[in-house]
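So this block is protein34.tsv, TSV, C-alpha atoms:
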```tsv
chain	number	residue	atom	x	y	z
F	6	MET	CA	-9.85	30.08	-27.78
F	7	LEU	CA	-7.61	28.04	-25.48
F	8	LYS	CA	-8.39	28.93	-21.91
F	9	TYR	CA	-7.18	27.08	-18.82
F	10	ASP	CA	-10.11	26.52	-16.48
F	11	LYS	CA	-8.85	25.82	-12.95
F	12	SER	CA	-12.14	24.50	-11.61
F	13	GLN	CA	-12.56	22.04	-14.49
F	14	GLN	CA	-8.97	20.89	-14.07
F	15	ALA	CA	-9.64	20.28	-10.38
F	16	VAL	CA	-12.76	18.27	-11.27
F	17	LEU	CA	-10.75	16.15	-13.71
F	18	ASP	CA	-8.01	15.68	-11.10
F	19	GLU	CA	-10.62	14.33	-8.72
F	20	PHE	CA	-12.19	12.16	-11.42
F	21	PHE	CA	-8.92	10.47	-12.38
F	22	LYS	CA	-7.87	10.10	-8.76
F	23	GLU	CA	-11.05	8.27	-7.80
F	24	GLU	CA	-11.65	6.41	-11.02
F	25	THR	CA	-10.34	2.83	-11.16
F	26	THR	CA	-11.91	1.42	-14.35
F	27	TRP	CA	-8.59	1.62	-16.13
F	28	TYR	CA	-6.42	0.65	-13.14
F	29	ILE	CA	-4.79	-2.42	-14.77
F	30	GLN	CA	-4.24	-0.50	-17.98
F	31	GLN	CA	-2.78	2.36	-15.97
F	32	VAL	CA	-0.25	-0.01	-14.35
F	33	LEU	CA	0.70	-1.36	-17.79
F	34	ASN	CA	0.96	2.16	-19.25
F	35	ASN	CA	3.13	3.31	-16.36
F	36	PHE	CA	5.37	0.25	-16.75
F	37	LEU	CA	5.83	0.84	-20.50
F	38	THR	CA	6.41	4.56	-19.93
F	39	ALA	CA	9.09	3.81	-17.33
F	40	LEU	CA	10.71	1.19	-19.59
F	41	PHE	CA	10.82	3.46	-22.67
F	42	ILE	CA	12.10	6.42	-20.65
F	43	PHE	CA	14.73	4.25	-18.96
F	44	ILE	CA	16.04	2.97	-22.32
F	45	SER	CA	15.98	6.36	-24.07
F	46	SER	CA	17.45	8.18	-21.08
F	47	GLY	CA	20.36	5.72	-21.04
F	48	ILE	CA	21.56	7.41	-24.23
F	49	MET	CA	20.21	10.89	-23.57
F	50	ILE	CA	22.31	11.29	-20.41
F	51	ILE	CA	25.51	10.95	-22.42
F	52	PRO	CA	27.13	14.42	-22.50
F	53	HIS	CA	27.42	16.39	-25.73
F	54	GLN	CA	31.21	15.96	-25.80
F	55	VAL	CA	30.84	12.17	-26.15
F	56	TRP	CA	27.60	11.90	-28.13
F	57	ASN	CA	27.11	14.69	-30.64
F	58	ILE	CA	23.53	14.44	-31.91
F	59	ALA	CA	24.41	16.32	-35.11
F	60	GLU	CA	26.79	13.50	-36.07
F	61	ASP	CA	24.55	10.61	-35.09
F	62	LYS	CA	21.11	11.45	-36.42
F	63	ALA	CA	20.01	7.80	-36.79
F	64	MET	CA	20.53	7.10	-33.11
F	65	LEU	CA	18.86	10.38	-32.19
F	66	PHE	CA	15.86	9.37	-34.28
F	67	ILE	CA	15.51	5.99	-32.57
F	68	ILE	CA	16.08	7.24	-29.05
F	69	TYR	CA	13.89	10.29	-29.46
F	70	GLY	CA	11.14	8.18	-31.05
F	71	LEU	CA	11.24	5.95	-27.99
F	72	TYR	CA	11.02	8.96	-25.68
F	73	LEU	CA	8.00	10.38	-27.57
F	74	SER	CA	6.38	6.93	-27.45
F	75	ALA	CA	6.83	6.92	-23.67
F	76	ILE	CA	5.06	10.27	-23.38
F	77	SER	CA	2.32	9.12	-25.74
F	78	VAL	CA	1.72	5.87	-23.79
F	79	TYR	CA	1.59	7.84	-20.55
F	80	GLY	CA	-0.96	10.22	-22.08
F	81	GLN	CA	-3.19	7.29	-23.05
F	82	THR	CA	-4.03	6.76	-19.38
F	83	TYR	CA	-6.09	9.91	-19.70
F	84	THR	CA	-7.64	9.27	-23.10
F	85	VAL	CA	-8.51	5.58	-23.54
F	86	TYR	CA	-9.67	2.67	-21.42
F	87	SER	CA	-10.08	-1.06	-21.98
F	88	GLU	CA	-13.41	-2.75	-21.55
F	89	SER	CA	-14.55	-6.22	-22.62
F	90	GLY	CA	-11.33	-6.62	-24.58
F	91	GLU	CA	-11.85	-3.41	-26.53
F	92	VAL	CA	-9.95	-0.15	-26.32
F	93	LYS	CA	-12.44	2.72	-26.01
F	94	GLU	CA	-12.14	6.48	-26.05
F	95	LEU	CA	-12.84	8.01	-22.67
F	96	TYR	CA	-14.03	11.20	-24.34
F	97	LYS	CA	-17.06	9.33	-25.71
F	98	VAL	CA	-18.25	8.71	-22.14
F	99	ILE	CA	-17.90	12.30	-21.03
F	100	ARG	CA	-18.72	14.19	-24.25
F	101	TRP	CA	-22.31	14.98	-23.13
F	102	LEU	CA	-21.37	15.58	-19.50
F	103	PRO	CA	-20.36	18.91	-17.97
F	104	VAL	CA	-16.74	18.68	-19.10
F	105	SER	CA	-15.20	20.74	-21.86
F	106	ALA	CA	-13.30	18.75	-24.50
F	107	CYS	CA	-10.68	21.50	-24.54
F	108	GLN	CA	-10.12	21.19	-20.77
F	109	PHE	CA	-10.00	17.42	-21.14
F	110	ARG	CA	-7.19	17.75	-23.70
F	111	LEU	CA	-5.39	20.39	-21.66
F	112	TYR	CA	-5.54	18.04	-18.69
F	113	ARG	CA	-3.68	15.36	-20.64
F	114	ILE	CA	-1.11	17.92	-21.79
F	115	ARG	CA	-0.65	19.09	-18.21
F	116	LYS	CA	-0.02	15.52	-17.05
F	117	CYS	CA	2.40	14.80	-19.91
F	118	ALA	CA	4.16	18.15	-19.41
F	119	LYS	CA	4.73	17.29	-15.74
F	120	LEU	CA	6.38	14.03	-16.76
F	121	CYS	CA	8.50	15.85	-19.37
F	122	VAL	CA	9.68	18.36	-16.77
F	123	LYS	CA	10.74	15.56	-14.42
F	124	CYS	CA	12.58	13.71	-17.21
F	125	THR	CA	14.27	16.90	-18.44
F	126	VAL	CA	15.50	17.90	-15.01
F	127	ALA	CA	16.78	14.38	-14.31
F	128	ILE	CA	18.56	14.13	-17.69
F	129	MET	CA	20.07	17.62	-17.29
F	130	VAL	CA	21.38	16.88	-13.80
F	131	ILE	CA	22.89	13.50	-14.77
F	132	ARG	CA	24.43	14.94	-17.97
F	133	ALA	CA	25.94	17.83	-16.04
F	134	PHE	CA	27.20	15.46	-13.33
F	135	ILE	CA	28.87	13.14	-15.88
F	136	ALA	CA	30.30	16.08	-17.85
F	137	VAL	CA	31.74	17.83	-14.80
F	138	GLY	CA	32.57	14.82	-12.62
F	139	PHE	CA	34.09	12.48	-15.19
F	140	MET	CA	35.10	14.64	-18.12
F	141	HIS	CA	35.86	17.92	-16.34
F	142	ASN	CA	34.45	19.70	-19.35
F	143	PHE	CA	30.94	21.14	-19.06
F	144	CYS	CA	29.17	22.28	-22.22
F	145	ILE	CA	26.06	24.50	-22.41
F	146	PHE	CA	24.51	22.02	-24.86
F	147	ASP	CA	24.21	19.56	-21.97
F	148	LEU	CA	21.50	21.85	-20.63
F	149	ILE	CA	20.01	23.17	-23.87
F	150	ILE	CA	19.52	19.82	-25.65
F	151	PRO	CA	17.32	18.22	-22.94
F	152	VAL	CA	15.25	21.41	-22.64
F	153	ILE	CA	14.59	21.48	-26.37
F	154	PHE	CA	14.17	17.76	-27.07
F	155	ASN	CA	12.73	16.44	-23.81
F	156	LEU	CA	10.52	19.34	-22.77
F	157	ALA	CA	9.84	22.08	-25.30
F	158	PHE	CA	9.26	19.98	-28.42
F	159	PRO	CA	6.87	17.33	-26.97
F	160	VAL	CA	4.81	19.94	-25.10
F	161	LEU	CA	4.71	22.27	-28.10
F	162	LEU	CA	3.66	19.40	-30.34
F	163	SER	CA	0.68	18.53	-28.14
F	164	MET	CA	-0.25	22.22	-27.70
F	165	VAL	CA	-0.32	22.71	-31.47
F	166	ALA	CA	-2.56	19.63	-31.82
F	167	VAL	CA	-5.03	21.05	-29.28
F	168	PHE	CA	-4.88	24.54	-30.82
F	169	LEU	CA	-5.66	23.16	-34.28
F	170	ARG	CA	-8.61	21.20	-32.85
F	171	GLU	CA	-9.94	24.31	-31.08
F	172	ARG	CA	-9.90	26.53	-34.18
Q	3	MET	CA	-44.36	33.65	-29.79
Q	4	THR	CA	-42.47	33.28	-26.48
Q	5	GLU	CA	-39.62	35.73	-25.87
Q	6	ILE	CA	-36.14	34.18	-26.10
Q	7	LYS	CA	-35.45	35.00	-22.45
Q	8	ASP	CA	-38.61	33.16	-21.37
Q	9	SER	CA	-38.05	30.10	-23.52
Q	10	VAL	CA	-36.17	27.00	-22.41
Q	11	LEU	CA	-34.62	26.47	-25.80
Q	12	ALA	CA	-34.62	28.77	-28.81
Q	13	PHE	CA	-33.11	28.35	-32.26
Q	14	GLU	CA	-32.61	31.51	-34.28
Q	15	GLY	CA	-31.68	31.14	-37.93
Q	16	VAL	CA	-29.62	28.02	-37.34
Q	17	ASN	CA	-27.86	26.55	-40.36
Q	18	GLY	CA	-25.68	23.58	-39.61
Q	19	LYS	CA	-23.90	20.62	-41.06
Q	20	ASN	CA	-23.07	17.22	-39.61
Q	21	ARG	CA	-21.36	14.88	-42.08
Q	22	LYS	CA	-23.97	14.50	-44.83
Q	23	PHE	CA	-26.95	15.99	-42.95
Q	24	ARG	CA	-27.81	19.68	-43.00
Q	25	LEU	CA	-29.99	22.12	-41.09
Q	26	LYS	CA	-31.51	24.95	-43.06
Q	27	ASN	CA	-32.58	28.10	-41.27
Q	28	VAL	CA	-34.11	26.43	-38.21
Q	29	ASN	CA	-36.19	28.72	-35.98
Q	30	PHE	CA	-38.25	27.72	-32.95
Q	31	ARG	CA	-38.81	28.51	-29.28
Q	32	MET	CA	-39.80	26.03	-26.59
Q	33	GLU	CA	-41.78	26.92	-23.49
Q	34	PRO	CA	-41.12	25.11	-20.19
Q	35	GLY	CA	-43.40	22.29	-19.09
Q	36	TYR	CA	-44.16	20.56	-22.41
Q	37	ILE	CA	-43.10	17.59	-24.48
Q	38	TYR	CA	-41.98	18.71	-27.93
Q	39	CYS	CA	-41.46	16.21	-30.68
Q	40	ILE	CA	-39.71	16.34	-34.02
Q	41	ILE	CA	-40.80	13.88	-36.66
Q	42	GLY	CA	-39.14	13.19	-39.96
Q	43	GLU	CA	-37.66	10.58	-42.23
Q	44	ASN	CA	-34.22	9.09	-41.62
Q	45	GLY	CA	-31.62	11.64	-42.71
Q	46	ALA	CA	-33.99	14.60	-42.37
Q	47	GLY	CA	-31.64	16.25	-39.83
Q	48	LYS	CA	-33.31	15.43	-36.47
Q	49	THR	CA	-30.16	14.07	-34.86
Q	50	THR	CA	-28.08	16.88	-36.38
Q	51	LEU	CA	-30.38	19.37	-34.66
Q	52	MET	CA	-29.93	17.58	-31.31
Q	53	ARG	CA	-26.17	17.44	-31.83
Q	54	CYS	CA	-26.04	21.22	-32.33
Q	55	ILE	CA	-27.12	21.50	-28.70
Q	56	MET	CA	-25.13	18.63	-27.18
Q	57	ASP	CA	-21.85	18.62	-29.10
Q	58	GLU	CA	-19.21	21.11	-28.05
Q	59	TYR	CA	-17.76	21.29	-31.54
Q	60	ALA	CA	-21.02	21.34	-33.51
Q	61	ARG	CA	-20.66	23.58	-36.54
Q	62	TYR	CA	-23.57	25.87	-37.12
Q	63	LYS	CA	-24.42	29.44	-38.02
Q	64	GLY	CA	-27.10	31.39	-36.20
Q	65	ASN	CA	-27.84	31.27	-32.48
Q	66	ILE	CA	-29.07	28.67	-30.02
Q	67	TYR	CA	-30.29	29.93	-26.65
Q	68	PHE	CA	-30.84	27.91	-23.47
Q	69	GLU	CA	-32.96	29.80	-20.95
Q	70	GLY	CA	-32.19	33.05	-22.75
Q	71	THR	CA	-28.41	32.71	-23.00
Q	72	ASP	CA	-26.42	31.78	-26.09
Q	73	ILE	CA	-24.99	28.28	-25.63
Q	74	ARG	CA	-21.83	28.88	-27.67
Q	75	GLY	CA	-18.71	28.33	-25.55
Q	76	ARG	CA	-20.76	27.22	-22.51
Q	77	HIS	CA	-20.82	23.47	-23.07
Q	78	SER	CA	-19.83	22.37	-19.55
Q	79	GLU	CA	-22.23	24.79	-17.88
Q	80	LEU	CA	-25.03	23.82	-20.28
Q	81	MET	CA	-24.68	20.07	-19.77
Q	82	GLU	CA	-25.26	20.49	-16.03
Q	83	HIS	CA	-28.89	21.25	-16.94
Q	84	ILE	CA	-29.42	18.98	-19.93
Q	85	GLY	CA	-30.20	15.29	-19.73
Q	86	VAL	CA	-29.48	13.13	-22.75
Q	87	VAL	CA	-31.33	9.91	-23.50
Q	88	SER	CA	-30.00	8.37	-26.67
Q	89	GLU	CA	-28.75	5.11	-28.07
Q	90	ASP	CA	-25.45	6.90	-28.75
Q	91	ASN	CA	-25.00	7.79	-25.09
Q	92	VAL	CA	-21.96	5.89	-23.78
Q	93	PHE	CA	-21.46	4.57	-20.26
Q	94	PHE	CA	-18.97	2.14	-18.76
Q	95	GLU	CA	-20.33	-1.18	-20.06
Q	96	ASP	CA	-18.72	-3.48	-17.49
Q	97	ARG	CA	-19.95	-1.42	-14.56
Q	98	THR	CA	-23.28	-1.44	-12.81
Q	99	CYS	CA	-25.75	1.45	-12.83
Q	100	ILE	CA	-24.73	2.62	-9.39
Q	101	GLN	CA	-21.01	2.32	-10.21
Q	102	ASN	CA	-21.50	4.40	-13.35
Q	103	VAL	CA	-23.30	7.12	-11.43
Q	104	ASN	CA	-20.74	7.05	-8.62
Q	105	MET	CA	-17.96	7.58	-11.17
Q	106	LEU	CA	-19.63	10.28	-13.19
Q	107	LYS	CA	-21.17	12.22	-10.32
Q	108	MET	CA	-17.80	13.85	-9.70
Q	109	LEU	CA	-18.23	15.76	-12.94
Q	110	TYR	CA	-21.54	17.30	-11.81
Q	111	LYS	CA	-22.00	20.06	-9.27
Q	112	ASN	CA	-25.45	18.92	-8.16
Q	113	LEU	CA	-25.91	15.22	-8.73
Q	114	ASP	CA	-28.24	13.88	-6.06
Q	115	MET	CA	-27.85	10.15	-5.35
Q	116	ASP	CA	-31.12	10.03	-3.40
Q	117	ARG	CA	-33.02	11.31	-6.43
Q	118	PHE	CA	-31.29	8.71	-8.60
Q	119	GLU	CA	-32.13	5.87	-6.23
Q	120	ALA	CA	-35.72	7.08	-5.86
Q	121	ILE	CA	-36.44	7.13	-9.60
Q	122	MET	CA	-34.65	3.82	-10.18
Q	123	LYS	CA	-36.90	2.29	-7.53
Q	124	LYS	CA	-39.95	3.90	-9.11
Q	125	MET	CA	-39.04	2.33	-12.46
Q	126	ASN	CA	-38.42	-1.08	-10.82
Q	127	MET	CA	-34.78	-0.97	-11.86
Q	128	GLN	CA	-32.00	-2.77	-10.01
Q	129	GLU	CA	-28.99	-0.58	-9.34
Q	130	GLY	CA	-26.69	-3.61	-9.36
Q	131	MET	CA	-27.32	-4.45	-13.03
Q	132	THR	CA	-24.30	-4.36	-15.33
Q	133	TYR	CA	-24.84	-1.79	-18.09
Q	134	LYS	CA	-23.96	-4.12	-20.98
Q	135	LYS	CA	-26.43	-6.75	-19.73
Q	136	MET	CA	-29.33	-4.32	-19.72
Q	137	SER	CA	-31.98	-4.36	-22.42
Q	138	ARG	CA	-32.55	-1.28	-24.58
Q	139	GLY	CA	-35.54	-0.26	-22.48
Q	140	GLU	CA	-33.56	-0.65	-19.27
Q	141	LYS	CA	-30.76	1.49	-20.66
Q	142	VAL	CA	-33.30	4.19	-21.49
Q	143	LYS	CA	-34.68	3.97	-17.95
Q	144	PHE	CA	-31.19	4.23	-16.48
Q	145	GLN	CA	-30.32	7.22	-18.67
Q	146	LEU	CA	-33.55	8.89	-17.66
Q	147	ALA	CA	-32.78	8.31	-13.97
Q	148	PHE	CA	-29.26	9.65	-14.47
Q	149	ALA	CA	-30.56	12.76	-16.23
Q	150	PHE	CA	-33.15	13.23	-13.48
Q	151	SER	CA	-30.55	12.90	-10.70
Q	152	HIS	CA	-28.62	15.98	-11.81
Q	153	GLY	CA	-31.74	18.08	-12.02
Q	154	SER	CA	-31.98	18.45	-15.80
Q	155	ARG	CA	-34.26	21.21	-17.00
Q	156	LEU	CA	-34.18	20.06	-20.60
Q	157	TYR	CA	-34.31	16.42	-21.69
Q	158	LEU	CA	-33.07	15.58	-25.18
Q	159	MET	CA	-34.34	12.20	-26.31
Q	160	ASP	CA	-33.12	10.97	-29.65
Q	161	GLU	CA	-35.34	8.08	-30.73
Q	162	ALA	CA	-35.46	6.98	-27.09
Q	163	THR	CA	-38.74	5.11	-27.50
Q	164	ALA	CA	-37.73	3.15	-30.62
Q	165	GLY	CA	-38.02	-0.58	-30.05
Q	166	MET	CA	-39.73	-0.17	-26.69
Q	167	ASP	CA	-42.49	-2.57	-25.79
Q	168	PRO	CA	-45.96	-0.96	-25.59
Q	169	VAL	CA	-46.31	-1.51	-21.83
Q	170	PHE	CA	-43.05	0.18	-21.01
Q	171	ARG	CA	-43.82	2.95	-23.50
Q	172	ILE	CA	-46.89	3.92	-21.45
Q	173	ASP	CA	-44.85	3.77	-18.21
Q	174	PHE	CA	-42.13	5.84	-19.82
Q	175	PHE	CA	-44.47	8.67	-20.74
Q	176	ASP	CA	-46.13	8.51	-17.32
Q	177	ILE	CA	-42.71	9.03	-15.73
Q	178	LEU	CA	-41.97	11.88	-18.14
Q	179	ARG	CA	-45.29	13.56	-17.37
Q	180	THR	CA	-44.62	13.31	-13.64
Q	181	LEU	CA	-41.15	14.81	-14.15
Q	182	ILE	CA	-42.51	17.67	-16.19
Q	183	ARG	CA	-45.27	18.38	-13.67
Q	184	ASP	CA	-42.99	18.21	-10.61
Q	185	GLU	CA	-39.83	19.80	-12.00
Q	186	MET	CA	-41.18	22.17	-14.68
Q	187	CYS	CA	-38.72	20.73	-17.15
Q	188	THR	CA	-39.08	20.36	-20.91
Q	189	VAL	CA	-38.58	17.47	-23.28
Q	190	LEU	CA	-37.42	17.59	-26.89
Q	191	MET	CA	-37.69	14.20	-28.53
Q	192	THR	CA	-37.50	12.63	-31.93
Q	193	THR	CA	-39.57	9.67	-33.02
Q	194	HIS	CA	-41.08	7.97	-36.07
Q	195	ASN	CA	-44.23	6.89	-34.28
Q	196	THR	CA	-47.14	9.21	-35.19
Q	197	ASP	CA	-49.54	7.51	-32.80
Q	198	GLU	CA	-47.14	8.18	-29.94
Q	199	ILE	CA	-46.89	11.84	-30.92
Q	200	ARG	CA	-50.65	12.29	-30.98
Q	201	LYS	CA	-51.22	10.60	-27.64
Q	202	GLN	CA	-48.14	11.42	-25.60
Q	203	THR	CA	-46.63	14.73	-26.69
Q	204	ASP	CA	-47.83	18.34	-26.59
Q	205	TYR	CA	-46.30	19.85	-29.74
Q	206	TYR	CA	-44.80	18.39	-32.88
Q	207	ALA	CA	-42.96	19.72	-35.90
Q	208	VAL	CA	-42.01	18.01	-39.12
Q	209	MET	CA	-38.44	18.03	-40.29
Q	210	ASP	CA	-37.80	17.54	-43.97
Q	211	ASN	CA	-34.44	17.76	-45.68
Q	212	GLY	CA	-32.97	19.94	-42.90
Q	213	GLN	CA	-35.93	22.32	-42.70
Q	214	LEU	CA	-38.08	22.35	-39.61
Q	215	GLY	CA	-41.74	23.24	-39.88
Q	216	GLU	CA	-43.71	25.14	-37.28
Q	217	PHE	CA	-44.50	23.44	-33.95
Q	218	ARG	CA	-48.22	22.53	-33.83
Q	219	GLU	CA	-50.37	21.01	-31.15
Q	220	SER	CA	-50.01	17.24	-31.24
Q	221	SER	CA	-53.74	16.75	-30.68
Q	222	SER	CA	-54.34	18.42	-34.06
Q	223	MET	CA	-52.12	15.90	-35.85
Q	224	GLY	CA	-53.80	14.32	-38.84
Q	225	LYS	CA	-56.60	16.89	-38.89
Q	226	ALA	CA	-56.89	19.09	-41.96
```
Could you show the structure in this file as C-alpha cells?
Amino acid sequence: MLKYDKSQQAVLDEFFKEETTWYIQQVLNNFLTALFIFISSGIMIIPHQVWNIAEDKAMLFIIYGLYLSAISVYGQTYTVYSESGEVKELYKVIRWLPVSACQFRLYRIRKCAKLCVKCTVAIMVIRAFIAVGFMHNFCIFDLIIPVIFNLAFPVLLSMVAVFLRER
Amino acid sequence: MTEIKDSVLAFEGVNGKNRKFRLKNVNFRMEPGYIYCIIGENGAGKTTLMRCIMDEYARYKGNIYFEGTDIRGRHSELMEHIGVVSEDNVFFEDRTCIQNVNMLKMLYKNLDMDRFEAIMKKMNMQEGMTYKKMSRGEKVKFQLAFAFSHGSRLYLMDEATAGMDPVFRIDFFDILRTLIRDEMCTVLMTTHNTDEIRKQTDYYAVMDNGQLGEFRESSSMGKA
C-alpha cells in the first residue's frame, strides 16, 4: 500500500542535500529542464482564444512532449548518477540500506510535483495576464488547461507508475 | 527447536521465486551467536533465499521473522540491523571508503564512524582507497566494516569468501568470531568450500533444487 512516510522523506531530503556525487549531472539536468520548460512554456502561455489546442493537436503533441521530457529529466537527478562514464541507477546503491523503494519513488514524485506546481502557476498567471491585459477577453480554459496538462496529468502518470509497482 | 521470538531469523513455510530459481517450503530458525552456512550447487536457491530477506519486493509465500517479528513491509527498519556482504552490493565506485560511508550514514539512525574507523584499522585497511581500485578481498573487508559500523545483528554473506586468499580467509573468520563474541550477532553465509564450513562455521545445511535440509553441526560434516 502507498504510504507517505515523513521521517523517510526527511532522511532523503537530507541525503540529496548533502550528496554531491551527481553535482555536474544535476547542473546539466537543471539546465535541460529549464531549456525544455522555457521552450514549451513559450507556446503554453498563449491564451485559449489565440491557440485552441483542439484545433492544433500536432503542436500540442510536440510542446507537451517537450514539457514531459523536462519533468522526466528533472526527475533523473533523483534516480540516476554518472560514474566512470556510465549512467547508474541510484536505487542499486540504496536497495539494501534502510530506505524503502516506495518512499524513494514518492520522493521523486514529490520533487517533480513541486516543479509542476510552479510551472502551472506561472503559466496560468501569464496566460491570464495576456488574456485580460492584451485581449480583454478572459476564458476559463486559460486556467483549466494548465491545471490538467501541466499539473494533474504528469503527477497522475507518475503516481500510477508507482502504484502499479507497489501492487 | 528455538521459539520464533527467541530466534534471530526464522523461515516458516517459505516458498519463493526469483527469476528461474525457486524456494520450496523452507523452514529453519537461527539462534544468536553462531555462524550458519548454506551449501549447495549453483542455482540451488541460496541467493534467492538471501534475497527474500534483503529485497523489499521479494515474492514469497510463508513467513520470515527477524527477532520474532514478521519482516514483511518493514524493509527500512529491518536493514538498520542487517549487514550485507556480497559481490552484488553496490557502492559509489569513484569514491573512497570514508566518502562512501559519509554519504550513506545519513540513511542510518545509528551509524558510528568511530566503530567504522576502528575495524578498518584492525583489518589494515586504508580509508582513503577508492572503491573501484580495491581488490575483491578489500571490498569484502570494507563491506564488513560498514555493516559493523551500523551495529548489525545479522550478517548476510553471499559467497563473500569466494576467491579470497587463504591468509585473508583465516583473518576474515577471526574478525567474524570476534564480532560474534563481542556483539552477540549472527552470520548466515553461503559458500562452496566444504573445508571452510567444517573449520569455520557452527551449523550448515544443504540446499538442493530450492529445498533446504536441516541445519547440522558443522563439526559433524562428512561423518556418517
Tell me, as a list in words, which residues lie within 7 Å of Arg218 (chain Q), counting only C-alpha atoms; anything in the same chain fewer than 2 positions away does not count.
->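 In the requested form, the answer reads Tyr205, Tyr206, Ala207, Glu216 and Ser220 of chain Q.
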Write out the residues from the selection above, keeping C-alpha atoms, as a PDB file, in the coordinates of the input.
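File written: out19.pdb
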```pdb
ATOM      1  CA  TYR Q 205     -46.300  19.850 -29.740  1.00  0.00           C
ATOM      2  CA  TYR Q 206     -44.800  18.390 -32.880  1.00  0.00           C
ATOM      3  CA  ALA Q 207     -42.960  19.720 -35.900  1.00  0.00           C
ATOM      4  CA  GLU Q 216     -43.710  25.140 -37.280  1.00  0.00           C
ATOM      5  CA  SER Q 220     -50.010  17.240 -31.240  1.00  0.00           C
TER       6      SER Q 220
END
```
At what distance in Å, to one decimal, does CA of Glu58 (chain Q) lie from CA of Ala15 (chain F)?
-> 20.1 Å
Once you count only C-alpha atoms, which residues of chain F turn out to be within 8 Å of chain Q? Could you give them as a VMD selection string?
-> chain F and resid 16 to 17 19 to 20 23 to 24 88 to 89 97 to 98 100 to 106
Take the residues from that selection and put them in a file with C-alpha atoms, as an mmCIF file, in the coordinates of the input.
```
data_model
loop_
_atom_site.group_PDB
_atom_site.id
_atom_site.type_symbol
_atom_site.label_atom_id
_atom_site.label_comp_id
_atom_site.auth_asym_id
_atom_site.auth_seq_id
_atom_site.Cartn_x
_atom_site.Cartn_y
_atom_site.Cartn_z
ATOM 1 C CA VAL F 16 -12.760 18.270 -11.270
ATOM 2 C CA LEU F 17 -10.750 16.150 -13.710
ATOM 3 C CA GLU F 19 -10.620 14.330 -8.720
ATOM 4 C CA PHE F 20 -12.190 12.160 -11.420
ATOM 5 C CA GLU F 23 -11.050 8.270 -7.800
ATOM 6 C CA GLU F 24 -11.650 6.410 -11.020
ATOM 7 C CA GLU F 88 -13.410 -2.750 -21.550
ATOM 8 C CA SER F 89 -14.550 -6.220 -22.620
ATOM 9 C CA LYS F 97 -17.060 9.330 -25.710
ATOM 10 C CA VAL F 98 -18.250 8.710 -22.140
ATOM 11 C CA ARG F 100 -18.720 14.190 -24.250
ATOM 12 C CA TRP F 101 -22.310 14.980 -23.130
ATOM 13 C CA LEU F 102 -21.370 15.580 -19.500
ATOM 14 C CA PRO F 103 -20.360 18.910 -17.970
ATOM 15 C CA VAL F 104 -16.740 18.680 -19.100
ATOM 16 C CA SER F 105 -15.200 20.740 -21.860
ATOM 17 C CA ALA F 106 -13.300 18.750 -24.500
#
```
Pick out the closest residue to Gln31 (chain F) from this set: F:Tyr9, F:Phe43, F:Tyr112, F:Tyr79. Count all atoms listed in the file.
->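 For Gln31 (chain F), the nearest of the given residues is F:Tyr79.
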Just give me the gap between CA of Asn211 (chain Q) and CA of His194 (chain Q) in Å, one decimal is fine.
->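 It comes out at 15.2 Å.
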Just the residues within 12 Å of Ala75 (chain F), please, counting only C-alpha atoms, with nothing from its chain fewer than 5 positions along; format it as an MDAnalysis selection string.
-> chainID F and resid 33:46 68:70 80:82 117 120:121 124 155 159
Box dimensions and centre (Å, one decimal) enclosing region 138-147 of chain Q, axis-aligned, 4 Å extra per side, as JSON:
```
{"center_x": -32.9, "center_y": 3.8, "center_z": -19.3, "size_x": 13.2, "size_y": 18.2, "size_z": 18.6}
```
Enumerate, as JSON, numbers by chain, the protein, DNA and RNA residues whose atoms approach (-45.7, -1.3, -11.3) to within 12 Å, taking into account all atoms listed in the file and the coordinate frame of the file.
-> {"Q": [123, 124, 125, 126, 127, 169, 170, 172, 173, 174, 176, 177]}
Selected residue of minimal separation from Ile135 (chain F) among F:Leu161, F:Ile114, F:Pro52, F:Ile99, counting only C-alpha atoms =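 Closest to Ile135 (chain F), using only C-alpha atoms: F:Pro52.
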Pick out the closest residue to Ala118 (chain F) from this set: F:Ile48, F:Ile67, F:Leu162, F:Ile150. Count all atoms listed in the file.
->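 Of the candidates, the smallest distance to Ala118 (chain F) is held by F:Leu162.
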